[in-house]
Amino acid sequence: MERLTLFELNSLVRNVLELSLPDDYWVEAELSEVRERGGHCYMELVQKDPDGVTPVARASAKCWRSAWALVRPHFERVTGESLRAGMKVLLLVHAQFHESYGFSWIVSDIDPTFTLGDMARKRQETIRKLKEEGVFDLNKELQLPMFAQRIAVVSSETAAGYGDFCNQLDSNQFGFAFSVTLFPSIMQGERTAGSIISALNAVNADADKYDCVVIIRGGGAVSDMSAFDSLELAENVANFPLPVITGIGHERDESVVDMVAHTRAKTPTAAAALLVDNLKRTSERIDRARDAVATAVGRRMDFERMRLARLSERVPVLFSLVSTRQCARLDGLAARLGLAVSHVVMRQNARLDRLSAAIAPAAKRIVTAESHRLELLSQRVTALDPGLLLKRGYSITLIDGRAVRSADQLRAGDIIETRLGTGCVKSKVMDN
């Protein structure tokens, strides 16, 4: 049996492949891994079963520096994306077997229109699912508050777009004040969609504190835009209870998140300008309402002035008529009052005459009775006069002008006065 060295066997395989597969072939595959090194691009290709779960074929592919320098910019310019895992591609390859490195497919070209079509298909599938769920236009149905000033921002804290957004709000020419709260999120890479969803959940937990949400990207690689076509992220934005404004900062076709958001702005600065314009419209509406009220009040005042002028012209005539009627009425009342007073005076005079005639005999009787009573009282007073008692030999002892009725009223040293029928004596109490 003839024996071959490994090099000889690999050379034989190489010759067979070069003879059997001399042409280039367009191959449809999915990228499971993409990496660049030394200017070359290394790819792992996979084909999955119809369910899109189990791989049924695998292969490695390489795009050498000379081809990659042309293929990559063309692909990114057409698709707006960089090659990444999970992307379906159409590659122009030829077989290569190297004695030292084994078999590889060598990529000489990539058709960007195929990838673009697959991306569009996925986006359309996402849009279809959102419409079937009835949520595609749900966020658009929300009303952006007239005074939208409490802004929740989902962005990377270090993103230039976030700084541009804040500067645009702070330096607005109308002096409007905004309150901006940042909910940090990863805005590039495979974790972008999940990070934004987590930030939205944090906003939703305190939704009453905010008027709207602004998702800001600004800058970054074009290849990271695929996260904004994510079905899960689009569903979160579409179902969000506050109006969502996107300022993702790209010029290509709208992402699915842009489509389901309340309003899309091309850049973070444009998103800030949109909020400023919203407050400006509100301010102008208030100014118009104020002017309308002032005009209506002015017209009403003019109307009332005219009405008062017409009434004032009628007042003298009306006053003259009323004055004449009231004067006649007062004259009638005065005549009636005079007649009534005369009757009352006559009745009272007659009554006074009767009372006068009755008073004299009654007064005379009262005077006689009272005179007799006074005479009796005078006799009693005379009988009780202390002076008479004193003249009979009695005396009255006084202390401080008051009569002493008991020895208990006196104390040693008191000065007492004794009144007699004629004169008085003062004494000092020596002992009691």
# chains A, B, ... in the order shown; residues from 1 in each chain; ligands from 1
>>> residues_around(residues="Glu157 of chain A", least_positions_apart="4", cutoff="12 Å", atoms="only C-alpha atoms", output="ChimeraX atom specification")
/A:153,161-166,181-187,216-218
>>> closest_residue(among="A:Asn172, A:Ser226, A:Thr113, A:Thr158", to="Thr79 of chain A", atoms="only C-alpha atoms")
A:Thr113
>>> residues_around(residues="Cys41 of chain A", least_positions_apart="3", cutoff="9 Å", atoms="only C-alpha atoms", output="list of chain:residue names")
A:Val34, A:Arg35, A:Glu36, A:Arg37, A:Gly38, A:Ala61, A:Lys62, A:Cys63, A:Trp64, A:Arg65, A:Trp68
>>> select_by_dssp(residues="segment 180-333 of chain A", states="strand (DSSP E or B)", output="compact mmCIF listing (two decimals) with N, CA, C and O atoms, in the first residue's frame")
# COMPACT_ATOMS: atom_id res chain seq x y z
N VAL A 180 -35.14 68.26 33.36
CA VAL A 180 -34.68 67.08 32.62
C VAL A 180 -34.12 66.06 33.61
O VAL A 180 -33.27 66.39 34.44
N THR A 181 -34.62 64.82 33.53
CA THR A 181 -34.13 63.71 34.35
C THR A 181 -33.58 62.64 33.43
O THR A 181 -34.29 62.15 32.55
N LEU A 182 -32.32 62.27 33.62
CA LEU A 182 -31.67 61.27 32.77
C LEU A 182 -31.86 59.88 33.35
O LEU A 182 -31.65 59.65 34.54
N PHE A 183 -32.25 58.94 32.49
CA PHE A 183 -32.30 57.52 32.82
C PHE A 183 -31.24 56.84 31.96
O PHE A 183 -31.46 56.59 30.77
N PRO A 184 -30.04 56.59 32.52
CA PRO A 184 -28.91 56.11 31.71
C PRO A 184 -29.21 54.78 31.04
O PRO A 184 -29.88 53.91 31.61
N CYS A 212 -43.33 63.59 29.24
CA CYS A 212 -43.00 62.82 28.05
C CYS A 212 -41.62 62.19 28.23
O CYS A 212 -40.90 62.49 29.18
N VAL A 213 -41.28 61.30 27.29
CA VAL A 213 -39.98 60.62 27.29
C VAL A 213 -39.28 60.93 25.98
O VAL A 213 -39.91 60.92 24.92
N VAL A 214 -37.98 61.20 26.07
CA VAL A 214 -37.17 61.44 24.86
C VAL A 214 -36.06 60.40 24.83
O VAL A 214 -35.30 60.28 25.81
N ILE A 215 -35.99 59.63 23.75
CA ILE A 215 -34.92 58.65 23.56
C ILE A 215 -33.87 59.29 22.66
O ILE A 215 -34.14 59.62 21.51
N ILE A 216 -32.67 59.50 23.20
CA ILE A 216 -31.60 60.20 22.49
C ILE A 216 -30.43 59.24 22.27
O ILE A 216 -29.98 58.57 23.19
N VAL A 244 -43.69 59.38 23.54
CA VAL A 244 -42.26 59.10 23.36
C VAL A 244 -41.77 59.85 22.13
O VAL A 244 -42.34 59.72 21.04
N ILE A 245 -40.71 60.64 22.33
CA ILE A 245 -40.08 61.37 21.23
C ILE A 245 -38.70 60.75 20.99
O ILE A 245 -37.94 60.55 21.93
N THR A 246 -38.39 60.43 19.74
CA THR A 246 -37.09 59.85 19.42
C THR A 246 -36.21 60.89 18.74
O THR A 246 -36.65 61.62 17.86
N GLY A 247 -34.98 60.93 19.19
CA GLY A 247 -33.95 61.76 18.55
C GLY A 247 -32.71 60.91 18.41
O GLY A 247 -31.69 61.15 19.04
N THR A 263 -43.54 60.99 18.26
CA THR A 263 -42.94 61.93 17.31
C THR A 263 -41.49 61.55 17.08
O THR A 263 -40.77 61.20 18.03
N ARG A 264 -41.07 61.65 15.83
CA ARG A 264 -39.68 61.37 15.49
C ARG A 264 -38.96 62.66 15.15
O ARG A 264 -39.45 63.46 14.36
>>> residues_around(residues="Arg191 of chain A", least_positions_apart="2", cutoff="12 Å", atoms="only C-alpha atoms", output="list of chain:residue names")
A:Ser185, A:Ile186, A:Met187, A:Gln188, A:Gly189, A:Ala193, A:Gly194, A:Ser195, A:Ile196, A:Ile197, A:Ser198, A:Asp224, A:Ser226, A:Ala227, A:Phe228, A:Ser230, A:Leu233
>>> closest_residue(among="A:Gln379, A:Leu398, A:Arg307, A:Val135", to="Cys424 of chain A", atoms="only C-alpha atoms")
A:Leu398
>>> residues_around(residues="Asp208 of chain A", least_positions_apart="3", cutoff="12 Å", atoms="only C-alpha atoms", output="list of chain:residue names")
A:Arg150, A:Ile151, A:Ala152, A:Val203, A:Asn204, A:Ala205, A:Asp211, A:Cys212, A:Val213, A:Pro241, A:Leu242
>>> write_last_selection(atoms="C-alpha atoms", output="mmCIF file, in the first residue's frame")
data_model
loop_
_atom_site.group_PDB
_atom_site.id
_atom_site.type_symbol
_atom_site.label_atom_id
_atom_site.label_comp_id
_atom_site.auth_asym_id
_atom_site.auth_seq_id
_atom_site.Cartn_x
_atom_site.Cartn_y
_atom_site.Cartn_z
ATOM 1 C CA ARG A 150 -40.860 67.615 32.882
ATOM 2 C CA ILE A 151 -38.739 65.526 30.517
ATOM 3 C CA ALA A 152 -37.477 61.973 31.106
ATOM 4 C CA VAL A 203 -39.528 55.905 33.901
ATOM 5 C CA ASN A 204 -42.838 54.049 33.929
ATOM 6 C CA ALA A 205 -42.480 53.382 37.669
ATOM 7 C CA ASP A 211 -44.817 64.770 30.762
ATOM 8 C CA CYS A 212 -42.995 62.815 28.051
ATOM 9 C CA VAL A 213 -39.983 60.619 27.287
ATOM 10 C CA PRO A 241 -48.174 55.491 28.802
ATOM 11 C CA LEU A 242 -46.336 58.763 28.045
#
>>> atom_distance(atom1="atom CA of Tyr394 of chain A", atom2="atom CA of Ser406 of chain A")
16.3 Å
